[in-house]
file run.txt (compact mmCIF, C-alpha atoms)
# COMPACT_ATOMS: atom_id res chain seq x y z
CA MET A 1 163.03 226.37 73.18
CA LEU A 2 160.26 225.93 75.74
CA SER A 3 160.13 228.66 78.35
CA ARG A 4 160.66 227.92 82.01
CA PRO A 5 157.46 227.82 84.11
CA LYS A 6 157.14 230.70 86.56
CA ILE A 7 155.97 230.07 90.10
CA SER A 8 153.70 233.12 90.15
CA VAL A 9 151.45 231.98 87.31
CA PRO A 10 148.09 230.42 88.39
CA LEU A 11 147.93 226.65 88.62
CA VAL A 12 145.58 224.96 86.16
CA ALA A 13 144.84 222.15 88.59
CA ALA A 14 141.94 220.44 86.87
CA GLY A 15 143.76 220.22 83.56
CA LEU A 16 147.50 220.00 84.00
CA LEU A 17 147.82 218.18 87.30
CA LEU A 18 145.34 215.48 86.43
CA SER A 19 146.44 214.99 82.83
CA GLY A 20 149.75 213.24 83.48
CA ALA A 21 148.23 209.83 83.00
CA ALA A 22 146.83 210.86 79.64
CA HIS A 23 150.22 212.25 78.54
CA ALA A 24 151.79 208.89 79.33
CA GLN A 25 149.51 207.09 76.89
CA GLN A 26 149.78 209.40 73.87
CA GLY A 27 152.38 209.14 71.13
CA SER A 28 154.39 206.17 69.99
CA VAL A 29 157.85 206.52 71.54
CA ILE A 30 157.43 203.18 73.25
CA SER A 31 154.79 200.63 72.34
CA ASP A 32 154.18 197.59 74.50
CA SER A 33 151.32 196.43 76.70
CA LEU A 34 150.79 198.37 79.95
CA SER A 35 149.92 202.07 79.93
CA LEU A 36 150.34 204.19 83.05
CA ASP A 37 146.66 203.83 83.93
CA GLY A 38 146.84 200.09 83.34
CA THR A 39 149.98 199.79 85.44
CA ILE A 40 148.47 201.67 88.38
CA ARG A 41 145.17 199.81 88.14
CA SER A 42 146.91 196.44 87.96
CA VAL A 43 149.10 197.27 90.97
CA LEU A 44 146.10 198.32 93.06
CA GLU A 45 144.11 195.23 92.09
CA ALA A 46 147.00 192.85 92.82
CA ASN A 47 148.28 194.23 96.11
CA PRO A 48 147.14 192.27 99.20
CA ALA A 49 147.59 195.31 101.44
CA ILE A 50 144.39 196.75 99.97
CA THR A 51 142.53 193.51 100.71
CA THR A 52 143.81 193.56 104.28
CA LEU A 53 142.57 197.11 104.82
CA GLU A 54 139.22 196.31 103.20
CA GLU A 55 138.76 193.48 105.68
CA GLU A 56 139.57 195.91 108.49
CA VAL A 57 136.81 198.15 107.16
CA ASN A 58 134.44 195.17 107.16
CA ALA A 59 135.38 194.45 110.77
CA ALA A 60 134.84 198.10 111.71
CA THR A 61 131.48 198.08 109.96
CA SER A 62 130.51 195.01 111.93
CA ARG A 63 131.43 196.80 115.17
CA VAL A 64 129.17 199.69 114.15
CA THR A 65 126.34 197.22 113.57
CA GLN A 66 127.04 195.64 116.95
CA SER A 67 126.83 199.04 118.64
CA ARG A 68 123.39 199.57 117.10
CA GLY A 69 122.23 196.53 119.06
CA GLY A 70 122.39 198.62 122.22
CA PHE A 71 119.38 200.63 120.98
CA LEU A 72 117.23 197.48 120.70
CA PRO A 73 115.64 195.36 123.43
CA GLN A 74 117.32 192.13 124.46
CA ILE A 75 115.09 189.03 124.47
CA THR A 76 116.16 185.76 126.06
CA GLY A 77 114.39 182.41 126.32
CA THR A 78 115.24 180.13 129.27
CA ALA A 79 114.08 176.66 130.33
CA THR A 80 115.39 174.96 133.47
CA TYR A 81 114.81 171.78 135.44
CA THR A 82 115.95 171.50 139.06
CA ARG A 83 115.82 168.41 141.33
CA ILE A 84 115.81 169.13 145.08
CA ASP A 85 116.40 166.45 147.71
CA PRO A 86 115.37 166.66 150.43
CA VAL A 87 112.70 169.33 150.53
CA VAL A 88 111.38 171.12 153.60
CA LYS A 89 108.32 169.52 155.17
CA ILE A 90 106.15 170.85 158.01
CA GLN A 91 104.63 168.28 160.37
CA LEU A 92 101.32 169.77 161.52
CA ASN A 93 99.81 166.49 162.76
CA PRO A 94 101.97 163.66 164.06
CA GLU A 95 99.58 161.12 162.60
CA ALA A 96 99.29 162.83 159.21
CA PRO A 97 101.96 163.04 156.49
CA GLY A 98 104.13 166.16 156.53
CA PHE A 99 103.24 169.26 154.52
CA GLN A 100 105.76 169.83 151.70
CA LEU A 101 106.62 173.51 150.87
CA ALA A 102 108.36 172.88 147.51
CA PRO A 103 108.32 170.10 144.93
CA ASN A 104 111.25 167.79 144.37
CA ASN A 105 111.09 168.33 140.61
CA ASN A 106 111.07 172.02 139.62
CA TYR A 107 110.31 173.20 136.08
CA ASP A 108 110.67 176.77 134.84
CA ALA A 109 110.34 178.10 131.27
CA HIS A 110 110.12 181.79 130.48
CA ILE A 111 110.98 184.56 128.01
CA THR A 112 112.77 187.64 129.35
CA LEU A 113 112.78 191.09 127.74
CA GLN A 114 115.25 193.76 128.90
CA TYR A 115 115.60 197.30 127.62
CA GLY A 116 117.73 200.20 128.72
CA LEU A 117 115.24 203.02 128.88
CA LEU A 118 117.64 205.85 129.73
CA ASP A 119 121.45 205.80 129.76
CA PHE A 120 122.21 209.53 129.32
CA GLY A 121 123.80 209.10 125.87
CA LYS A 122 126.08 206.14 126.60
CA LYS A 123 124.75 204.00 123.74
CA GLU A 124 124.88 206.90 121.30
CA ALA A 125 128.46 207.67 122.31
CA THR A 126 129.43 204.03 121.75
CA TYR A 127 127.87 204.07 118.29
CA ASN A 128 129.53 207.36 117.30
CA LEU A 129 132.94 206.07 118.40
CA ALA A 130 132.54 202.88 116.36
CA GLU A 131 131.45 204.89 113.30
CA SER A 132 134.44 207.21 113.64
CA ARG A 133 136.80 204.25 113.68
CA ARG A 134 135.11 202.85 110.57
CA LEU A 135 135.66 206.13 108.72
CA THR A 136 139.30 206.09 109.79
CA ALA A 137 139.69 202.61 108.31
CA LEU A 138 138.20 203.86 105.02
CA ASP A 139 140.57 206.83 104.94
CA GLN A 140 143.51 204.52 105.58
CA ILE A 141 142.60 202.63 102.40
CA THR A 142 142.75 205.93 100.50
CA VAL A 143 146.24 206.65 101.84
CA THR A 144 147.49 203.17 100.99
CA ARG A 145 146.02 203.28 97.49
CA ARG A 146 147.58 206.70 96.97
CA ASP A 147 151.03 205.49 98.05
CA LEU A 148 150.82 202.40 95.84
CA ALA A 149 149.62 204.42 92.86
CA TYR A 150 152.47 206.91 93.07
CA SER A 151 155.03 204.15 93.64
CA ALA A 152 153.72 202.39 90.53
CA ALA A 153 153.94 205.65 88.56
CA GLN A 154 157.54 206.14 89.63
CA VAL A 155 158.55 202.62 88.57
CA TYR A 156 156.68 203.14 85.30
CA TYR A 157 158.61 206.29 84.47
CA ASN A 158 161.85 204.72 85.65
CA ILE A 159 161.37 202.06 82.98
CA LEU A 160 160.62 204.63 80.28
CA PHE A 161 163.65 206.72 81.31
CA VAL A 162 166.06 203.78 81.23
CA ARG A 163 164.70 202.63 77.88
CA GLU A 164 165.24 206.06 76.35
CA SER A 165 168.72 206.21 77.89
CA ILE A 166 169.55 202.90 76.24
CA LYS A 167 168.44 204.39 72.92
CA VAL A 168 170.86 207.26 73.43
CA GLN A 169 173.67 204.81 74.16
CA ASN A 170 172.80 202.77 71.07
CA ALA A 171 172.95 205.94 68.97
CA GLN A 172 176.37 206.83 70.44
CA ILE A 173 177.69 203.31 69.86
CA ALA A 174 176.43 203.32 66.26
CA SER A 175 178.04 206.72 65.62
CA LEU A 176 181.34 205.59 67.15
CA LYS A 177 181.33 202.40 65.10
CA GLN A 178 180.72 204.43 61.95
CA HIS A 179 183.64 206.64 62.97
CA GLN A 180 185.74 203.50 63.57
CA ARG A 181 185.04 202.29 60.05
CA GLU A 182 186.15 205.65 58.68
CA MET A 183 189.29 205.41 60.80
CA GLU A 184 190.03 201.97 59.43
CA LYS A 185 189.71 203.29 55.85
CA ARG A 186 192.04 206.15 56.70
CA VAL A 187 194.54 203.68 58.16
CA GLU A 188 194.36 201.61 54.99
CA GLY A 189 195.01 204.78 52.99
CA GLY A 190 197.92 205.67 55.20
CA VAL A 191 196.27 208.89 56.38
CA SER A 192 195.76 207.85 60.03
CA THR A 193 197.43 205.53 62.47
CA LYS A 194 196.25 202.40 64.19
CA PHE A 195 196.27 204.40 67.43
CA ASP A 196 193.22 206.35 66.26
CA VAL A 197 191.31 203.11 65.67
CA THR A 198 192.29 201.74 69.07
CA THR A 199 191.27 204.97 70.79
CA THR A 200 187.89 204.81 69.08
CA GLN A 201 187.44 201.19 70.15
CA VAL A 202 188.13 202.20 73.76
CA ARG A 203 185.33 204.77 73.58
CA ILE A 204 183.01 202.16 72.05
CA THR A 205 183.78 199.77 74.92
CA GLN A 206 183.08 202.53 77.46
CA ALA A 207 179.75 203.29 75.81
CA GLN A 208 178.88 199.59 75.77
CA ASN A 209 179.67 199.34 79.50
CA THR A 210 177.30 202.22 80.16
CA LYS A 211 174.65 200.43 78.10
CA ILE A 212 175.18 197.24 80.13
CA ASP A 213 174.60 199.20 83.34
CA LEU A 214 171.42 200.71 81.90
CA GLU A 215 170.13 197.32 80.79
CA ASN A 216 170.74 196.00 84.30
CA GLN A 217 168.79 198.95 85.72
CA LEU A 218 165.96 198.17 83.33
CA ARG A 219 165.83 194.54 84.45
CA ASN A 220 165.81 195.62 88.09
CA GLN A 221 162.95 198.04 87.46
CA GLN A 222 161.04 195.25 85.71
CA VAL A 223 161.56 193.08 88.79
CA GLN A 224 160.29 195.90 91.00
CA LEU A 225 157.18 196.33 88.85
CA ALA A 226 156.61 192.56 88.88
CA ARG A 227 156.73 192.67 92.68
CA TYR A 228 154.11 195.43 92.77
CA LEU A 229 151.97 193.37 90.40
CA HIS A 230 152.65 190.19 92.41
CA ARG A 231 153.80 188.33 89.32
CA PRO A 232 156.76 185.95 89.10
CA GLU A 233 159.98 187.96 88.97
CA SER A 234 160.96 186.14 85.78
CA ALA A 235 157.78 187.29 84.03
CA GLY A 236 158.23 190.24 81.70
CA VAL A 237 156.07 193.27 82.48
CA PRO A 238 156.26 195.49 79.40
CA VAL A 239 154.94 199.05 79.60
CA ARG A 240 154.12 201.64 76.98
CA GLY A 241 153.91 205.40 76.99
CA THR A 242 155.60 208.62 75.96
CA PHE A 243 158.55 210.20 77.68
CA ALA A 244 158.22 213.88 76.86
CA TYR A 245 158.65 217.27 78.48
CA GLU A 246 155.23 218.66 79.41
CA PRO A 247 155.75 222.01 81.21
CA GLN A 248 153.09 223.40 83.52
CA THR A 249 152.56 226.55 85.53
CA VAL A 250 152.29 226.50 89.31
CA ASP A 251 150.53 228.83 91.73
CA VAL A 252 151.99 227.91 95.11
CA ALA A 253 149.24 229.63 97.11
CA ALA A 254 146.48 227.78 95.27
CA ALA A 255 148.41 224.53 95.53
CA LEU A 256 148.82 224.98 99.30
CA ALA A 257 145.08 225.57 99.76
CA GLN A 258 144.26 222.55 97.62
CA ALA A 259 146.73 220.39 99.55
CA ILE A 260 145.30 221.28 102.97
CA GLU A 261 141.85 220.46 101.63
CA ASN A 262 142.61 217.24 99.75
CA ARG A 263 145.54 215.47 101.39
CA PRO A 264 144.34 212.23 103.02
CA GLU A 265 146.91 212.64 105.81
CA VAL A 266 144.98 215.69 107.04
CA LYS A 267 141.77 213.69 106.94
CA LEU A 268 143.40 210.89 108.95
CA ALA A 269 144.75 213.36 111.51
CA ARG A 270 141.31 214.94 111.88
CA ASP A 271 139.78 211.46 112.13
CA ALA A 272 142.14 210.76 115.02
CA GLU A 273 141.10 213.98 116.76
CA ASN A 274 137.40 213.20 116.24
CA THR A 275 137.88 209.67 117.57
CA ALA A 276 139.70 211.00 120.63
CA ASN A 277 136.87 213.47 121.33
CA LEU A 278 134.22 210.77 120.94
CA ASN A 279 136.18 208.48 123.23
CA LEU A 280 136.20 211.22 125.86
CA LYS A 281 132.42 211.61 125.52
CA LEU A 282 131.97 207.88 126.05
CA ILE A 283 134.19 207.96 129.14
CA GLU A 284 132.25 210.93 130.53
CA ARG A 285 129.04 208.91 130.26
CA ALA A 286 130.47 205.69 131.64
CA ASN A 287 129.52 206.55 135.25
CA MET A 288 126.07 207.92 134.44
CA PRO A 289 123.00 206.18 135.91
CA LEU A 290 121.19 203.58 133.88
CA LEU A 291 117.42 203.21 133.96
CA GLY A 292 116.14 199.93 132.58
CA VAL A 293 112.90 198.01 132.35
CA GLY A 294 112.29 194.31 132.04
CA ALA A 295 109.50 191.79 131.73
CA GLN A 296 109.32 188.03 132.02
CA VAL A 297 106.51 185.70 130.97
CA GLY A 298 106.46 181.95 131.18
CA GLY A 299 105.40 179.13 133.46
CA LYS A 300 106.67 177.09 136.39
CA ASN A 301 105.49 174.68 139.12
CA GLY A 302 105.83 174.97 142.86
CA TYR A 303 102.69 176.96 143.66
CA LEU A 304 100.45 175.95 146.54
CA PRO A 305 98.27 174.04 146.99
CA ASN A 306 99.31 171.76 144.08
CA LEU A 307 103.09 171.97 143.97
CA ASP A 308 103.48 169.84 140.84
CA ARG A 309 101.02 171.81 138.73
CA PHE A 310 102.72 173.88 135.97
CA ARG A 311 101.18 177.35 136.01
CA PRO A 312 101.78 180.54 133.94
CA ASN A 313 103.53 183.42 135.65
CA SER A 314 104.89 186.88 134.80
CA VAL A 315 107.34 189.39 136.28
CA GLY A 316 107.83 193.11 135.62
CA VAL A 317 110.78 195.17 136.84
CA VAL A 318 112.09 198.71 136.70
CA GLN A 319 115.75 199.10 137.72
CA LEU A 320 117.91 202.16 138.31
CA SER A 321 121.67 201.56 138.55
CA VAL A 322 123.82 204.41 139.89
CA PRO A 323 127.62 204.02 139.99
CA ILE A 324 128.96 205.34 143.29
CA TYR A 325 132.71 204.70 143.41
CA ASP A 326 135.03 203.06 140.86
CA GLY A 327 138.42 203.61 142.47
CA ASN A 328 139.08 206.77 140.36
CA LYS A 329 139.19 204.65 137.21
CA ASN A 330 136.91 206.98 135.25
CA LYS A 331 138.86 210.05 136.39
CA ASN A 332 142.14 208.59 135.15
CA GLN A 333 140.51 207.55 131.89
CA ARG A 334 139.49 211.17 131.32
CA VAL A 335 143.06 212.33 131.88
CA GLU A 336 144.24 209.82 129.30
CA ALA A 337 141.53 210.83 126.82
CA LEU A 338 142.38 214.53 127.14
CA ALA A 339 146.06 213.74 126.51
CA ASN A 340 145.08 211.83 123.36
CA ILE A 341 143.04 214.82 122.16
CA ARG A 342 145.95 217.20 122.64
CA GLY A 343 148.27 214.78 120.87
CA SER A 344 145.92 214.45 117.88
CA GLN A 345 145.62 218.24 117.64
CA ALA A 346 149.41 218.54 117.58
CA ARG A 347 149.54 215.90 114.83
CA ILE A 348 147.12 217.93 112.71
CA GLN A 349 149.35 220.98 113.00
CA ASP A 350 152.47 218.97 112.22
CA THR A 351 150.77 217.31 109.23
CA GLN A 352 149.70 220.66 107.82
CA GLU A 353 153.22 222.05 108.16
CA GLN A 354 154.64 218.97 106.42
CA ILE A 355 152.13 219.37 103.60
CA ARG A 356 153.15 223.01 103.09
CA ALA A 357 156.78 221.92 102.91
CA ASP A 358 155.90 219.17 100.41
CA VAL A 359 154.14 221.64 98.10
CA ARG A 360 156.95 224.19 98.21
CA GLN A 361 159.60 221.53 97.62
CA ALA A 362 157.65 220.13 94.66
CA ALA A 363 157.28 223.62 93.17
CA ASN A 364 161.01 224.25 93.64
CA ASN A 365 161.84 220.94 91.99
CA LEU A 366 159.67 221.80 88.99
CA GLU A 367 161.35 225.17 88.60
CA SER A 368 164.78 223.60 88.87
CA GLY A 369 163.83 220.79 86.47
CA ALA A 370 162.58 223.29 83.88
CA ALA A 371 165.84 225.23 84.11
CA ARG A 372 167.89 222.05 83.72
CA TYR A 373 165.83 221.06 80.69
CA ASP A 374 166.45 224.43 79.06
CA ASN A 375 170.16 224.08 79.72
CA ALA A 376 170.18 220.55 78.34
CA VAL A 377 168.55 221.71 75.10
CA VAL A 378 171.22 224.39 74.72
CA GLN A 379 173.90 221.84 75.59
CA ILE A 380 172.68 219.44 72.89
CA ALA A 381 172.77 222.21 70.28
CA GLN A 382 176.27 223.18 71.34
CA ALA A 383 177.50 219.57 71.45
CA THR A 384 175.99 218.85 68.02
CA ASP A 385 177.73 221.88 66.53
CA ALA A 386 181.00 220.93 68.24
CA LEU A 387 180.81 217.41 66.83
CA THR A 388 180.13 218.67 63.32
CA ARG A 389 183.09 221.04 63.54
CA ALA A 390 185.36 218.37 65.06
CA LYS A 391 184.56 215.94 62.26
CA ALA A 392 185.16 218.61 59.63
CA ARG A 393 188.46 219.63 61.17
CA TYR A 394 189.53 216.01 61.40
CA ARG A 395 188.48 215.36 57.82
CA TYR A 396 190.79 218.15 56.65
CA ASP A 397 193.61 217.08 59.02
CA VAL A 398 193.46 220.20 61.15
CA GLY A 399 191.95 218.38 64.16
CA THR A 400 192.58 215.18 66.04
CA ASN A 401 190.62 211.98 66.46
CA LEU A 402 190.47 212.68 70.18
CA ASP A 403 188.55 215.89 69.43
CA VAL A 404 185.92 213.87 67.56
CA LEU A 405 185.66 211.26 70.30
CA ASP A 406 185.33 213.94 72.98
CA ALA A 407 182.63 215.64 70.94
CA GLU A 408 180.76 212.32 70.52
CA THR A 409 180.90 211.74 74.27
CA SER A 410 179.77 215.29 75.02
CA LEU A 411 176.79 214.94 72.70
CA ALA A 412 175.75 211.63 74.30
CA GLN A 413 176.08 213.16 77.76
CA ALA A 414 174.00 216.16 76.69
CA ARG A 415 171.27 213.87 75.39
CA LEU A 416 171.34 211.87 78.62
CA ALA A 417 171.19 215.12 80.58
CA ARG A 418 168.10 216.10 78.61
CA LEU A 419 166.49 212.74 79.38
CA GLN A 420 167.42 213.13 83.05
CA ALA A 421 165.85 216.60 83.07
CA ILE A 422 162.63 215.24 81.51
CA TYR A 423 162.61 212.39 84.03
CA ASN A 424 163.18 214.71 86.99
CA TYR A 425 160.56 217.16 85.76
CA THR A 426 158.00 214.39 85.19
CA LEU A 427 158.57 212.97 88.66
CA GLY A 428 158.37 216.52 89.99
CA GLN A 429 154.92 216.84 88.44
CA TYR A 430 153.82 213.69 90.23
CA GLN A 431 155.48 214.90 93.41
CA LEU A 432 153.31 218.02 93.16
CA LYS A 433 150.20 215.96 92.44
CA ARG A 434 150.92 213.86 95.49
CA ALA A 435 151.61 216.97 97.56
CA ILE A 436 148.24 218.55 96.72
CA GLY A 437 146.32 215.28 97.13
CA ALA A 438 145.47 214.74 93.44
CA GLN A 439 144.08 211.30 92.66
CA ILE A 440 145.75 209.50 89.75
CA TRP A 441 144.04 206.11 90.04
call {"tool": "encode", "arguments": {"input": "run.txt", "output": "structure tokens"}}
result
Amino acid sequence: MLSRPKISVPLVAAGLLLSGAAHAQQGSVISDSLSLDGTIRSVLEANPAITTLEEEVNAATSRVTQSRGGFLPQITGTATYTRIDPVVKIQLNPEAPGFQLAPNNNYDAHITLQYGLLDFGKKEATYNLAESRRLTALDQITVTRRDLAYSAAQVYYNILFVRESIKVQNAQIASLKQHQREMEKRVEGGVSTKFDVTTTQVRITQAQNTKIDLENQLRNQQVQLARYLHRPESAGVPVRGTFAYEPQTVDVAAALAQAIENRPEVKLARDAENTANLNLKLIERANMPLLGVGAQVGGKNGYLPNLDRFRPNSVGVVQLSVPIYDGNKNKNQRVEALANIRGSQARIQDTQEQIRADVRQAANNLESGAARYDNAVVQIAQATDALTRAKARYRYDVGTNLDVLDAETSLAQARLARLQAIYNYTLGQYQLKRAIGAQIW
């Protein structure tokens, strides 16, 4: 019998926690088409949620690129034509034509360059905020991929568990049918009654009903996997892999440290805090002065003495803008930003506490699952011995047919309990992997 894992033994994280996918592909208990790795990879490739988040990352990256534009000069080309009627004329001599101050047809073409020379960190704060939001979008992809991968693993092992359970039911049905044939021979020999045959048939029908329920569960799990793979629900999605008990040792302290370091939820919570801090920095710089320079070169008409002559011209400017009063808008924005920072800090603490609870619960589930497996192994041995004795007693007419049927049922239940223990322990291993932030895809 395999010994129960103890919680105080060090965790072999690099080997045991990351080897579950390899365990699922070894052996030949079930042989079809999709391994665990293939199932997870196919689910991740097919799910549109990943594509949606990737496009959000592309949009965030574009916003980062846009924010970089604030560090570069802005150049604009402009060409205008203006018709003015009437224009101002000065009559210096009553006998001479009036003196015109501006032409009727005005032409202006120029190129303008503008550059913010000094903004006291406003452009840098805008860039940093955009970059922080891009990193958050990337981390959100990690969380979504993690959730999909573990959901796919659960469906995968659900299918293996139900398949093995059906095998147990088939074995029970075959054994009961063999017993029924023996009963029928005993009835023909006048040793037993028809009642014993009927009672055996009732147990066979009960076992067949249980098998029908299991087959329905298998079909439903296949539908669920098809949904994850975005295939038609009628399409079969066969999987392959072993369904075996693979005990591991767990060091809760090491697992807790690894979880705080690796869980993507912590990274997202810290991203939110960093974004809130950067947003506050941007708000603090919103009312800072802005020193800019500009230049314009081009040509226009309207110069004396020949108003219609198109002549080159240039303009240079230095501008200082100082916000004076904004109706307390910036002050209120700071209050809001500080509240967001405090909220994000509280979320980090809450996330860390939830992670600690997840690790401890996973470790408890593994310990409990190991104990249940040990009990199931003992139960199978006891049920097998009881069935052997019941058959022997019945063969020598010192026992009843009901004793044999009860022993058959007890053995099948013990085997199902062992499968359930393996299933629970396997999912417990993946629960621990998820709790510590292990990557299985």
call {"tool": "atom_distance", "arguments": {"input": "run.txt", "atom1": "CA of Val315 (chain A)", "atom2": "CA of Gly299 (chain A)"}}
result
10.8 Å
call {"tool": "residues_near_point", "arguments": {"input": "run.txt", "point": "(142.2, 217.8, 102.2)", "cutoff": "10 Å", "atoms": "all atoms listed in the file", "output": "ChimeraX atom specification"}}
result
/A:257-268,352,436-438
call {"tool": "residues_around", "arguments": {"input": "run.txt", "residues": "region 119-124 of chain A", "least_positions_apart": "3", "cutoff": "9 Å", "atoms": "all atoms listed in the file", "output": "list of chain:residue names"}}
result
A:Ser67, A:Arg68, A:Gly70, A:Phe71, A:Gly116, A:Tyr127, A:Asn128, A:Leu129, A:Lys281, A:Leu282, A:Ile283, A:Glu284, A:Arg285, A:Ala286, A:Met288, A:Pro289, A:Leu290, A:Leu291, A:Gly292
call {"tool": "closest_residue", "arguments": {"input": "run.txt", "among": "A:Asn287, A:Gln420, A:Asn105, A:Ala174", "to": "Gly327 (chain A)", "atoms": "all atoms listed in the file"}}
result
A:Asn287
call {"tool": "atom_distance", "arguments": {"input": "run.txt", "atom1": "CA of Glu353 (chain A)", "atom2": "CA of Ala255 (chain A)"}}
result
13.7 Å
call {"tool": "residues_around", "arguments": {"input": "run.txt", "residues": "region 190-198 of chain A", "least_positions_apart": "5", "cutoff": "10 Å", "atoms": "all atoms listed in the file", "output": "list of chain:residue names"}}
result
A:His179, A:Gln180, A:Arg181, A:Glu182, A:Met183, A:Glu184, A:Lys185, A:Arg203, A:Ile204, A:Asp397, A:Thr400, A:Asn401, A:Leu402, A:Leu405
call {"tool": "residues_near_point", "arguments": {"input": "run.txt", "point": "(112.7, 194.1, 121.4)", "cutoff": "12 Å", "atoms": "all atoms listed in the file", "output": "list in words"}}
result
Gly69, Gly70, Phe71, Leu72, Pro73, Gln74, Ile75, Thr76, Ile111, Thr112, Leu113, Gln114, Tyr115, Gly116, Leu117, Val293, Gly294 and Ala295 of chain A
call {"tool": "atom_distance", "arguments": {"input": "run.txt", "atom1": "CA of Ile355 (chain A)", "atom2": "CA of Ala244 (chain A)"}}
result
28.0 Å
call {"tool": "residues_around", "arguments": {"input": "run.txt", "residues": "Gln345 (chain A)", "least_positions_apart": "6", "cutoff": "12 Å", "atoms": "only C-alpha atoms", "output": "ChimeraX atom specification"}}
result
/A:266,268-277,338-339,351-352
call {"tool": "closest_residue", "arguments": {"input": "run.txt", "among": "A:Val252, A:Arg395, A:Asn158, A:Val404", "to": "Asn424 (chain A)", "atoms": "only C-alpha atoms"}}
result
A:Asn158
call {"tool": "closest_residue", "arguments": {"input": "run.txt", "among": "A:Phe99, A:Tyr396, A:Tyr107, A:Tyr228", "to": "Ala152 (chain A)", "atoms": "only C-alpha atoms"}}
result
A:Tyr228
call {"tool": "residues_around", "arguments": {"input": "run.txt", "residues": "Gln172 (chain A)", "least_positions_apart": "2", "cutoff": "8 Å", "atoms": "only C-alpha atoms", "output": "PyMOL selection string"}}
result
chain A and resi 168-170+174-176+207+408-409+412
call {"tool": "residues_around", "arguments": {"input": "run.txt", "residues": "Ala59 (chain A)", "least_positions_apart": "3", "cutoff": "12 Å", "atoms": "only C-alpha atoms", "output": "NGL selection string"}}
result
:A and (52-56 or 62-66 or 130-131 or 133-135 or 137-138)
call {"tool": "closest_residue", "arguments": {"input": "run.txt", "among": "A:Thr61, A:Gln222, A:Ser132, A:Ser314", "to": "Asp108 (chain A)", "atoms": "all atoms listed in the file"}}
result
A:Ser314
call {"tool": "closest_residue", "arguments": {"input": "run.txt", "among": "A:Ile341, A:Ile173, A:Leu34, A:Val88", "to": "Gln100 (chain A)", "atoms": "only C-alpha atoms"}}
result
A:Val88
call {"tool": "closest_residue", "arguments": {"input": "run.txt", "among": "A:Thr51, A:Thr242, A:Thr136, A:Ser321", "to": "Glu164 (chain A)", "atoms": "only C-alpha atoms"}}
result
A:Thr242
call {"tool": "axis_aligned_box", "arguments": {"input": "run.txt", "around": "region 334-341 of chain A", "padding_each_side": "4 Å", "output": "lines of an AutoDock Vina configuration file"}}
result
center_x = 142.8
center_y = 212.3
center_z = 127.0
size_x = 14.6
size_y = 13.0
size_z = 17.7
